[in-house]
Amino acid sequence: MTSTFTPPKGHQIVLTDDGTYTLFSEAFQEACHSTAGAKDETILHYIEGCRILDKSNIHSPIVILEVGFGLGIGLLTTIEKLPKNTKCHFISVEIDRDLLEWFKNEHPELNFQWKENLLQGQFESVEITIVQGDARKELPRYLENNPTEFHAVYQDAFSPKRNPILWTKEWFLLLKQYSHPEVILSTYSASNSIRKSLHETGWGVQKGDKFGLKRTSTRAVLNKETDPEILALLERSPVKALSDKEVL
């Protein structure tokens, strides 16, 4: 994308340090990516953080859930990095229909069509399903009718401060229910509250890589215990795990 593109309604264009662009959401008062580099952050936290290339050699198709579609960098970078002919089902959730209409018009090569609240597309061997609407309501509805197991979760929602409902224990329990035993969940956030939310719902919390001004990030798995160093830090921290009753 170049700086000449017209942003969708309710968003402003932001140039990031790696030369790629992200969007600032007026509704959430937050950018969709780190200003240190939208694409670089996507590669580090999600492609590498979820070990997509390794998993694509094991699972066919590899099923990826992205929490927060934004301007589609997660999808486009995944397509770019996957080896040719790799079978993948890329599932995402996005509340903003105008944003999805904008992306659909920007990328005719993805052959998108609406089916009620699902924006469905195909690019070579990559199947794309974007669930539009309130993720807490619409994703369970979709999964009930289309059971699957996630091999990777890009937990890329707006921050817990701006969008806490997608960081609660109940949300992470939902993701756990539909995840493969060897799933990797990766996120840019390293807050003690979301790490506690993950740990208390049976995810093994691991330390992720540094990016930009953040000193660390978070990975979570179901086949390992929480890292002892992180667990000790969480036990000392007075903050609580996020739960629906506190944020709804």
# chains A, B, ... in the order shown; residues from 1 in each chain; ligands from 1
call {"tool": "residues_around", "arguments": {"residues": "Lys207 in chain A", "least_positions_apart": "5", "cutoff": "12 Å", "atoms": "only C-alpha atoms", "output": "count of residues only"}}
result
25
call {"tool": "residues_around", "arguments": {"residues": "His151 in chain A", "least_positions_apart": "3", "cutoff": "7 Å", "atoms": "only C-alpha atoms", "output": "JSON list (two decimals) with C-alpha atoms, in the first residue's frame"}}
result
[["chain", "number", "residue", "atom", "x", "y", "z"],
["A", 62, "ILE", "CA", -3.18, -25.14, 8.57],
["A", 63, "VAL", "CA", -5.98, -23.28, 10.33],
["A", 64, "ILE", "CA", -5.19, -19.78, 11.58],
["A", 179, "SER", "CA", -7.74, -25.05, 19.44],
["A", 180, "HIS", "CA", -5.51, -27.96, 18.48],
["A", 182, "GLU", "CA", -0.29, -27.96, 19.91],
["A", 183, "VAL", "CA", -1.69, -24.52, 19.14],
["A", 184, "ILE", "CA", 0.41, -21.41, 19.62]]
call {"tool": "select_by_dssp", "arguments": {"residues": "range 4-246 of chain A", "states": "strand (DSSP E)", "output": "MDAnalysis selection string"}}
result
chainID A and resid 11:15 21:25 30:31 62:67 88:94 113:115 118:123 126:132 150:155 179:187 204:208 217:221
call {"tool": "residues_around", "arguments": {"residues": "range 82-92 of chain A", "least_positions_apart": "3", "cutoff": "9 Å", "atoms": "only C-alpha atoms", "output": "PyMOL selection string"}}
result
chain A and resi 52-53+56-57+59-69+75+77-79+124-132+139
call {"tool": "write_last_selection", "arguments": {"atoms": "C-alpha atoms", "output": "PDB file, in the first residue's frame"}}
result
ATOM      1  CA  ILE A  52       3.536 -20.743  10.819  1.00  0.00           C
ATOM      2  CA  LEU A  53       6.058 -22.198   8.390  1.00  0.00           C
ATOM      3  CA  SER A  56       2.255 -25.587   7.610  1.00  0.00           C
ATOM      4  CA  ASN A  57       4.540 -28.585   7.025  1.00  0.00           C
ATOM      5  CA  HIS A  59      -1.048 -29.590   9.133  1.00  0.00           C
ATOM      6  CA  SER A  60      -2.933 -29.508   5.844  1.00  0.00           C
ATOM      7  CA  PRO A  61      -4.738 -27.249   5.849  1.00  0.00           C
ATOM      8  CA  ILE A  62      -3.176 -25.143   8.574  1.00  0.00           C
ATOM      9  CA  VAL A  63      -5.985 -23.277  10.331  1.00  0.00           C
ATOM     10  CA  ILE A  64      -5.189 -19.783  11.577  1.00  0.00           C
ATOM     11  CA  LEU A  65      -7.444 -17.531  13.637  1.00  0.00           C
ATOM     12  CA  GLU A  66      -6.700 -13.823  13.596  1.00  0.00           C
ATOM     13  CA  VAL A  67      -8.401 -11.745  16.295  1.00  0.00           C
ATOM     14  CA  GLY A  68      -8.866  -8.345  14.688  1.00  0.00           C
ATOM     15  CA  PHE A  69      -8.608  -8.146  10.897  1.00  0.00           C
ATOM     16  CA  LEU A  75      -3.705 -12.043   5.981  1.00  0.00           C
ATOM     17  CA  THR A  77       1.711 -11.247   5.064  1.00  0.00           C
ATOM     18  CA  THR A  78       0.640 -14.823   5.790  1.00  0.00           C
ATOM     19  CA  ILE A  79      -0.166 -15.387   2.111  1.00  0.00           C
ATOM     20  CA  GLU A 124      -4.695 -19.988  -4.720  1.00  0.00           C
ATOM     21  CA  SER A 125      -4.738 -22.629  -1.942  1.00  0.00           C
ATOM     22  CA  VAL A 126      -5.640 -20.192   0.860  1.00  0.00           C
ATOM     23  CA  GLU A 127      -9.290 -20.163   1.925  1.00  0.00           C
ATOM     24  CA  ILE A 128     -10.342 -16.944   3.683  1.00  0.00           C
ATOM     25  CA  THR A 129     -13.265 -16.463   6.078  1.00  0.00           C
ATOM     26  CA  ILE A 130     -13.808 -13.157   7.865  1.00  0.00           C
ATOM     27  CA  VAL A 131     -16.578 -13.151  10.462  1.00  0.00           C
ATOM     28  CA  GLN A 132     -18.061  -9.669  10.660  1.00  0.00           C
ATOM     29  CA  LEU A 139     -17.332 -16.353  16.266  1.00  0.00           C
TER      30      LEU A 139
END
call {"tool": "residues_around", "arguments": {"residues": "Thr20 in chain A", "least_positions_apart": "4", "cutoff": "7 Å", "atoms": "only C-alpha atoms", "output": "PyMOL selection string"}}
result
chain A and resi 15-16+37-39
call {"tool": "select_by_dssp", "arguments": {"residues": "range 167-202 of chain A", "states": "alpha helix (DSSP H)", "output": "list in words"}}
result
Lys169, Glu170, Trp171, Phe172, Leu173, Leu174, Leu175, Lys176, Gln177, Asn192, Ser193, Ile194, Arg195, Lys196, Ser197, Leu198 and His199 of chain A
call {"tool": "residues_around", "arguments": {"residues": "Thr168 in chain A", "least_positions_apart": "3", "cutoff": "10 Å", "atoms": "only C-alpha atoms", "output": "ChimeraX atom specification"}}
result
/A:160,164-165,171-173,193-194,196-198,201,241-247
call {"tool": "atom_distance", "arguments": {"atom1": "CA of Pro181 in chain A", "atom2": "CA of Gln155 in chain A"}}
result
17.1 Å
